[in-house]
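One structure below.
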Amino acid sequence: MTKGLVIAAPHSGSGKTVFTMGLAAALKSRGQRLHVAKGGPGFIDPQFLAAAIDQPCFNFDKWAMGDAQLRARVGAIAASANFLLIEGMMGMFDGAAGMQGSTADLADTLGLPVLLVVDASGQAQSIAALVHGFATLRTSPRICGVVATRVGSARHGEMLADAVKETGIPFFGAVPRSDELTIPSRHLGLVQATEHMSQSALIEAAKNAIEQSLDLPALWEAAGRIRANGQIKPLPVLGQRIAVAQDVAFSFCYPHLLDDWRRQGAEIELFSPLADEAPSDSCDAVYLPGGYPELHGGTLANASRFVAGLQRAAERRSVIYGECGGYMVLGRALIDADGQSHKMAGLLRHVTSFAARKMHLGYRTLTPLGDTPWTGALSGHEFHYSTLTEAGPDEALFRCADARGEDLGQAGGRRGSVMGSYMHIIDHRPA
């Protein structure tokens with residue numbers, strides 16, 4: 001059976017992404033057939049995890065997928081590996097509604113132990129109280145070990161190890177503080193892996209830090225066994241030959257979505273709007289994922305072949321679907337951070353602005369409206385700083401509710417076969 005481990009932390013910013021990346025690279029260098037995954041929604045952390053082992057990083061989301069679909073998706077990925085490493089989201093018990101959907105909830109559902117990664121800067125013996133609290137708040141999942149990050153010295157590491165021993169939980173190592181183990185951030189989180197100029201150096205530094213600091217054999221023994229299985233209910237295809245935009249402006253695409261489409265016989269063709277590539281005229285659907293179009297407004301406004309290709313697809317009634325950044329590009333105009341307006345594809349009639357910034361964040365239940373590729377409710381999430389300054393007259397695409405079921409009204413736009421919204425679809429909404 002495949003072994004598995006969930007990486008959790010007391011809070012965001014504890015260093016668990018760099019730690020998980022280094023651990024994945026270290027395990028791969030030892031010949032393990034490894035898969036990595038990210039708990040919860042998100043696109044940027046998975047890019048770094050994928051780069052560490054040069055394989056896709058999948059998202060496993062308890063709130064969005066539910067028990068049966070989650071176990072089926074985990075089982076399908078784990079079947080081709082002997083170790084599955086899952087990085088959790090936020091703090092260990094932070095969830096969508098109470099602790100529902102949290103990293104702890106995910107680990108509990110999968111029956112996997114948790115490795116707690118603690119940012120040790122500014123503390124020593126007090127780590128024992130923190131670890132004790134996290135280990136005893138709930139009887140499940142089980143914390144199988146502790147790792148300290150951002151450790152200031154060898155003596156600091158010894159103090160942390162001695163303190164954790166008081167809790168009865170194994171201490172697997174202390175990772176030193178280092179400027180080499182940092183990733184720059186911007187408005188949606190970390191800078192994308194493909195834009196990190198020293199990505200290979202970061203991975204190597206993280207791998208070396210793990211190999212020099214951790215008891216890897218003990219960690220391997222502490223991992224649990226994955227017994228997830230079941231039949232995946234795939235998300236509906238947009239078409240049988242789907243053109244998918246992919247570059248640094250359109251990079252927020254869930255691998256499980258493309259896998260679902262391929263599982264149903266669809267062909268996937270990648271193209272780059274930033275390189276002014278058009279979706280192939282032989283495609284019967286176009287998917288524009290989210291990303292950072294707000295940073296490339298001028299380039300996209302001048303991408304005449306890309307826009308002409310979208311217009312031809314709309315004229316032949318191909319499904320064109322845009323999420324978040326893709327939705328922004330389908331509108332009439334995109335206003336950048338400097339207040340400059342850039343003409344977009346104009347297939348929908350809204351206007352978005354990155355000059356008027358406001359954070360929109362949260363899980364969403366989506367009910368499709370009208371003639372769409374989807375039937376039944378969907379799970380999704382929303383995370384953006386741009387705003388809809390002109391909604392336009394298009395018909396709405398979704399009726400939305402938040403994680404607590406509070407009605408958020410209608411969202412997105414639909415005009416003929418063209419549709420989009422700020423929401424990222426994750427899966428079928430569990431019953």
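A note on labels: chains of the structure tokens are A, B, ... as shown, every chain counts residues from 1, and ligands are counted from 1 in their shown order.
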For segment 113-204 of chain A against segment 7-19 of chain A, with a cut-off of 12 Å and counting only C-alpha atoms, what is the closest atom pair and its distance in Å to one decimal for every residue that makes the cut, ordered by chain and number, as JSON lines?
```
{"residue": "A:Pro113", "atom": "CA", "partner": "A:Ile7", "partner_atom": "CA", "distance": 8.9}
{"residue": "A:Val114", "atom": "CA", "partner": "A:Ile7", "partner_atom": "CA", "distance": 5.8}
{"residue": "A:Leu115", "atom": "CA", "partner": "A:Ile7", "partner_atom": "CA", "distance": 5.0}
{"residue": "A:Leu116", "atom": "CA", "partner": "A:Ala8", "partner_atom": "CA", "distance": 5.0}
{"residue": "A:Val117", "atom": "CA", "partner": "A:Ala9", "partner_atom": "CA", "distance": 4.9}
{"residue": "A:Val118", "atom": "CA", "partner": "A:Ala9", "partner_atom": "CA", "distance": 5.9}
{"residue": "A:Asp119", "atom": "CA", "partner": "A:Ser14", "partner_atom": "CA", "distance": 4.9}
{"residue": "A:Ala120", "atom": "CA", "partner": "A:Ser14", "partner_atom": "CA", "distance": 8.7}
{"residue": "A:Ser121", "atom": "CA", "partner": "A:Ser14", "partner_atom": "CA", "distance": 9.6}
{"residue": "A:Ile127", "atom": "CA", "partner": "A:Pro10", "partner_atom": "CA", "distance": 10.9}
{"residue": "A:Leu130", "atom": "CA", "partner": "A:Pro10", "partner_atom": "CA", "distance": 8.3}
{"residue": "A:Val131", "atom": "CA", "partner": "A:Pro10", "partner_atom": "CA", "distance": 8.9}
{"residue": "A:His132", "atom": "CA", "partner": "A:Pro10", "partner_atom": "CA", "distance": 11.8}
{"residue": "A:Gly133", "atom": "CA", "partner": "A:Pro10", "partner_atom": "CA", "distance": 10.2}
{"residue": "A:Phe134", "atom": "CA", "partner": "A:Pro10", "partner_atom": "CA", "distance": 7.9}
{"residue": "A:Ala135", "atom": "CA", "partner": "A:Pro10", "partner_atom": "CA", "distance": 11.1}
{"residue": "A:Pro141", "atom": "CA", "partner": "A:Ala8", "partner_atom": "CA", "distance": 11.1}
{"residue": "A:Arg142", "atom": "CA", "partner": "A:Ala8", "partner_atom": "CA", "distance": 11.5}
{"residue": "A:Ile143", "atom": "CA", "partner": "A:Ala8", "partner_atom": "CA", "distance": 9.3}
{"residue": "A:Cys144", "atom": "CA", "partner": "A:Ile7", "partner_atom": "CA", "distance": 10.4}
{"residue": "A:Gly145", "atom": "CA", "partner": "A:Ile7", "partner_atom": "CA", "distance": 10.1}
{"residue": "A:Val146", "atom": "CA", "partner": "A:Ala9", "partner_atom": "CA", "distance": 9.6}
{"residue": "A:Val147", "atom": "CA", "partner": "A:Phe19", "partner_atom": "CA", "distance": 9.4}
{"residue": "A:Ala148", "atom": "CA", "partner": "A:Ser14", "partner_atom": "CA", "distance": 9.3}
{"residue": "A:Thr149", "atom": "CA", "partner": "A:Gly15", "partner_atom": "CA", "distance": 6.9}
{"residue": "A:Arg150", "atom": "CA", "partner": "A:Gly15", "partner_atom": "CA", "distance": 8.1}
{"residue": "A:Val151", "atom": "CA", "partner": "A:Gly15", "partner_atom": "CA", "distance": 11.5}
{"residue": "A:Gly173", "atom": "CA", "partner": "A:Phe19", "partner_atom": "CA", "distance": 11.6}
{"residue": "A:Ala174", "atom": "CA", "partner": "A:Phe19", "partner_atom": "CA", "distance": 11.0}
{"residue": "A:Val175", "atom": "CA", "partner": "A:Phe19", "partner_atom": "CA", "distance": 8.6}
{"residue": "A:Pro176", "atom": "CA", "partner": "A:Phe19", "partner_atom": "CA", "distance": 11.2}
{"residue": "A:Arg177", "atom": "CA", "partner": "A:Gly15", "partner_atom": "CA", "distance": 10.2}
{"residue": "A:Ser178", "atom": "CA", "partner": "A:Gly15", "partner_atom": "CA", "distance": 11.3}
{"residue": "A:Asp179", "atom": "CA", "partner": "A:Val18", "partner_atom": "CA", "distance": 11.9}
{"residue": "A:Glu180", "atom": "CA", "partner": "A:Val18", "partner_atom": "CA", "distance": 10.3}
{"residue": "A:Leu181", "atom": "CA", "partner": "A:Val18", "partner_atom": "CA", "distance": 6.7}
{"residue": "A:Thr182", "atom": "CA", "partner": "A:Val18", "partner_atom": "CA", "distance": 7.6}
{"residue": "A:Ile183", "atom": "CA", "partner": "A:Val18", "partner_atom": "CA", "distance": 8.2}
{"residue": "A:Pro184", "atom": "CA", "partner": "A:Val18", "partner_atom": "CA", "distance": 11.8}
{"residue": "A:Ser185", "atom": "CA", "partner": "A:Gly13", "partner_atom": "CA", "distance": 11.1}
{"residue": "A:Gly189", "atom": "CA", "partner": "A:Gly13", "partner_atom": "CA", "distance": 10.6}
{"residue": "A:Leu190", "atom": "CA", "partner": "A:Thr17", "partner_atom": "CA", "distance": 10.2}
{"residue": "A:Ala193", "atom": "CA", "partner": "A:Val18", "partner_atom": "CA", "distance": 11.7}
{"residue": "A:Gln199", "atom": "CA", "partner": "A:Val18", "partner_atom": "CA", "distance": 11.3}
{"residue": "A:Leu202", "atom": "CA", "partner": "A:Val18", "partner_atom": "CA", "distance": 8.5}
{"residue": "A:Ile203", "atom": "CA", "partner": "A:Val18", "partner_atom": "CA", "distance": 8.1}
{"residue": "A:Glu204", "atom": "CA", "partner": "A:Val18", "partner_atom": "CA", "distance": 10.8}
```
Suppose we keep C-alpha atoms; can you now write the selection as a PDB file, in the first residue's frame?
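Now in part.pdb:
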```pdb
ATOM      1  CA  PRO A 113      -1.141  11.114  10.510  1.00  0.00           C
ATOM      2  CA  VAL A 114      -0.022  14.742  10.645  1.00  0.00           C
ATOM      3  CA  LEU A 115       3.504  16.116  10.782  1.00  0.00           C
ATOM      4  CA  LEU A 116       3.342  19.482  12.560  1.00  0.00           C
ATOM      5  CA  VAL A 117       5.729  22.120  11.195  1.00  0.00           C
ATOM      6  CA  VAL A 118       6.295  24.882  13.756  1.00  0.00           C
ATOM      7  CA  ASP A 119       7.915  28.261  13.067  1.00  0.00           C
ATOM      8  CA  ALA A 120      10.304  28.359  16.050  1.00  0.00           C
ATOM      9  CA  SER A 121      11.453  31.947  15.633  1.00  0.00           C
ATOM     10  CA  ILE A 127       6.917  25.087  21.785  1.00  0.00           C
ATOM     11  CA  LEU A 130       1.826  24.762  21.530  1.00  0.00           C
ATOM     12  CA  VAL A 131       2.463  21.170  20.421  1.00  0.00           C
ATOM     13  CA  HIS A 132       0.528  19.774  23.379  1.00  0.00           C
ATOM     14  CA  GLY A 133      -2.478  21.940  22.531  1.00  0.00           C
ATOM     15  CA  PHE A 134      -2.539  20.921  18.880  1.00  0.00           C
ATOM     16  CA  ALA A 135      -2.088  17.248  19.751  1.00  0.00           C
ATOM     17  CA  PRO A 141      -6.020  13.077  13.429  1.00  0.00           C
ATOM     18  CA  ARG A 142      -2.896  11.954  15.228  1.00  0.00           C
ATOM     19  CA  ILE A 143       0.209  14.166  15.245  1.00  0.00           C
ATOM     20  CA  CYS A 144       3.013  11.716  14.530  1.00  0.00           C
ATOM     21  CA  GLY A 145       5.888  14.144  14.866  1.00  0.00           C
ATOM     22  CA  VAL A 146       7.124  17.729  15.003  1.00  0.00           C
ATOM     23  CA  VAL A 147       9.605  19.693  12.899  1.00  0.00           C
ATOM     24  CA  ALA A 148      10.825  23.162  13.834  1.00  0.00           C
ATOM     25  CA  THR A 149      11.646  25.693  11.116  1.00  0.00           C
ATOM     26  CA  ARG A 150      13.549  28.994  11.173  1.00  0.00           C
ATOM     27  CA  VAL A 151      15.735  27.723  13.988  1.00  0.00           C
ATOM     28  CA  GLY A 173      14.446  17.796  13.314  1.00  0.00           C
ATOM     29  CA  ALA A 174      15.228  21.506  13.305  1.00  0.00           C
ATOM     30  CA  VAL A 175      15.549  23.373   9.997  1.00  0.00           C
ATOM     31  CA  PRO A 176      17.856  26.405  10.290  1.00  0.00           C
ATOM     32  CA  ARG A 177      16.745  29.900   9.398  1.00  0.00           C
ATOM     33  CA  SER A 178      18.135  30.857   5.979  1.00  0.00           C
ATOM     34  CA  ASP A 179      17.558  33.570   3.387  1.00  0.00           C
ATOM     35  CA  GLU A 180      17.917  30.816   0.771  1.00  0.00           C
ATOM     36  CA  LEU A 181      14.629  29.299   1.967  1.00  0.00           C
ATOM     37  CA  THR A 182      12.308  32.213   1.184  1.00  0.00           C
ATOM     38  CA  ILE A 183       9.858  32.828  -1.645  1.00  0.00           C
ATOM     39  CA  PRO A 184       8.799  36.389  -2.561  1.00  0.00           C
ATOM     40  CA  SER A 185       5.097  37.293  -2.407  1.00  0.00           C
ATOM     41  CA  GLY A 189       0.279  35.064  -2.434  1.00  0.00           C
ATOM     42  CA  LEU A 190       3.665  33.686  -3.452  1.00  0.00           C
ATOM     43  CA  ALA A 193       7.181  29.041  -9.474  1.00  0.00           C
ATOM     44  CA  GLN A 199      13.659  28.077  -8.605  1.00  0.00           C
ATOM     45  CA  LEU A 202      15.532  27.160  -3.991  1.00  0.00           C
ATOM     46  CA  ILE A 203      14.600  23.495  -4.447  1.00  0.00           C
ATOM     47  CA  GLU A 204      18.194  22.393  -3.963  1.00  0.00           C
TER      48      GLU A 204
END
```
Item to check | Sel. of helix (DSSP H, G or I) residues, segment 46-289 of chain A, as a ChimeraX atom specification | outcome: /A:46-53,62-78,103-110,127-136,154-165,179-181,193-195,199-213,216-222,255-263,273-275
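Closest to Leu378 of chain A among A:Trp63, A:Tyr321, A:Phe58, A:Phe171 is A:Trp63, based on only C-alpha atoms.
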Checklist entry - Near segment 394-403 of chain A, within 7 Å and counting only C-alpha atoms, which residues show up once chain neighbours fewer than 5 positions away are dropped, as a list in words? => result Ala96, Ala97, Leu348, Arg349, Gly362, Tyr363, Arg364, Thr365, Leu366, Thr367, Pro368, Leu369, Leu408, Gly409, Gln410, Ala411, Gly412, Gly413, Arg414, Arg415, Met419 and Gly420 of chain A
Next on the checklist: Need to verify the contact set: Val74 of chain A, 9 Å, only C-alpha atoms, exclusion of same-chain residues closer than 3 positions in sequence. Can you return it as a list in words?
Outcome noted: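 Returned residues: Phe60, Gln69, Leu70, Arg71, Ile77, Ala78, Ala79, Leu84, Leu110, Ile226, Ala228 and Asn229 of chain A.
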Kindly save the residues from that selection, with N, CA and C atoms included, as a PDB file, in the first residue's frame.
```pdb
ATOM      1  N   PHE A  60      -6.481  18.368  -3.007  1.00  0.00           N
ATOM      2  CA  PHE A  60      -7.481  17.545  -2.330  1.00  0.00           C
ATOM      3  C   PHE A  60      -8.207  18.430  -1.331  1.00  0.00           C
ATOM      4  N   GLN A  69     -15.875  11.533  -2.919  1.00  0.00           N
ATOM      5  CA  GLN A  69     -15.100  12.026  -4.057  1.00  0.00           C
ATOM      6  C   GLN A  69     -13.642  12.254  -3.656  1.00  0.00           C
ATOM      7  N   LEU A  70     -13.425  12.750  -2.454  1.00  0.00           N
ATOM      8  CA  LEU A  70     -12.063  12.957  -1.970  1.00  0.00           C
ATOM      9  C   LEU A  70     -11.297  11.646  -1.927  1.00  0.00           C
ATOM     10  N   ARG A  71     -11.899  10.632  -1.314  1.00  0.00           N
ATOM     11  CA  ARG A  71     -11.212   9.345  -1.206  1.00  0.00           C
ATOM     12  C   ARG A  71     -10.961   8.733  -2.582  1.00  0.00           C
ATOM     13  N   ILE A  77      -4.739   8.832  -7.440  1.00  0.00           N
ATOM     14  CA  ILE A  77      -3.378   9.378  -7.497  1.00  0.00           C
ATOM     15  C   ILE A  77      -2.398   8.458  -6.773  1.00  0.00           C
ATOM     16  N   ALA A  78      -2.804   7.955  -5.617  1.00  0.00           N
ATOM     17  CA  ALA A  78      -1.909   7.133  -4.806  1.00  0.00           C
ATOM     18  C   ALA A  78      -1.576   5.804  -5.476  1.00  0.00           C
ATOM     19  N   ALA A  79      -2.432   5.349  -6.385  1.00  0.00           N
ATOM     20  CA  ALA A  79      -2.231   4.041  -7.016  1.00  0.00           C
ATOM     21  C   ALA A  79      -0.927   3.960  -7.803  1.00  0.00           C
ATOM     22  N   LEU A  84       2.618   9.458  -0.715  1.00  0.00           N
ATOM     23  CA  LEU A  84       1.846  10.648  -1.042  1.00  0.00           C
ATOM     24  C   LEU A  84       2.042  11.674   0.059  1.00  0.00           C
ATOM     25  N   LEU A 110      -8.981  10.932   5.630  1.00  0.00           N
ATOM     26  CA  LEU A 110      -8.109   9.989   4.935  1.00  0.00           C
ATOM     27  C   LEU A 110      -7.425   9.012   5.885  1.00  0.00           C
ATOM     28  N   ILE A 226      -2.356   4.584   3.035  1.00  0.00           N
ATOM     29  CA  ILE A 226      -3.512   5.122   2.328  1.00  0.00           C
ATOM     30  C   ILE A 226      -4.412   3.973   1.893  1.00  0.00           C
ATOM     31  N   ALA A 228      -7.571   4.829   0.606  1.00  0.00           N
ATOM     32  CA  ALA A 228      -8.637   5.527  -0.119  1.00  0.00           C
ATOM     33  C   ALA A 228      -8.953   4.804  -1.426  1.00  0.00           C
ATOM     34  N   ASN A 229     -10.223   4.777  -1.768  1.00  0.00           N
ATOM     35  CA  ASN A 229     -10.639   4.163  -3.030  1.00  0.00           C
ATOM     36  C   ASN A 229     -12.029   4.665  -3.384  1.00  0.00           C
TER      37      ASN A 229
END
```
Item to check | One-decimal distance in Å that lies between atom CA of Gly380 of chain A and atom CA of Val319 of chain A | outcome: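 We find that atom CA of Val319 of chain A and atom CA of Gly380 of chain A lie 19.8 Å from each other.
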Given only C-alpha atoms, how would the per-residue table for segment 33-108 of chain A near segment 217-224 of chain A read, listing every residue at most 12 Å away with its closest atom pair and distance in Å to one decimal, sorted by chain and number, as a Markdown table?
```
| residue | atom | partner | partner_atom | distance |
| --- | --- | --- | --- | --- |
| A:Asn82 | CA | A:Trp220 | CA | 11.2 |
| A:Phe83 | CA | A:Ala223 | CA | 8.9 |
| A:Leu84 | CA | A:Ala223 | CA | 9.5 |
| A:Leu85 | CA | A:Ala223 | CA | 9.4 |
| A:Ile86 | CA | A:Ala223 | CA | 11.4 |
| A:Ala107 | CA | A:Gly224 | CA | 10.4 |
| A:Asp108 | CA | A:Gly224 | CA | 11.6 |
```
Export of the given selection (C-alpha atoms) as an mmCIF file, in the first residue's frame:
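Dumped to again27.cif:
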```cif
data_model
loop_
_atom_site.group_PDB
_atom_site.id
_atom_site.type_symbol
_atom_site.label_atom_id
_atom_site.label_comp_id
_atom_site.auth_asym_id
_atom_site.auth_seq_id
_atom_site.Cartn_x
_atom_site.Cartn_y
_atom_site.Cartn_z
ATOM 1 C CA ASN A 82 4.510 4.502 -2.954
ATOM 2 C CA PHE A 83 4.350 7.783 -1.015
ATOM 3 C CA LEU A 84 1.846 10.648 -1.042
ATOM 4 C CA LEU A 85 2.830 13.907 0.609
ATOM 5 C CA ILE A 86 -0.015 16.389 1.247
ATOM 6 C CA ALA A 107 -6.247 14.119 7.467
ATOM 7 C CA ASP A 108 -9.012 12.633 9.622
#
```
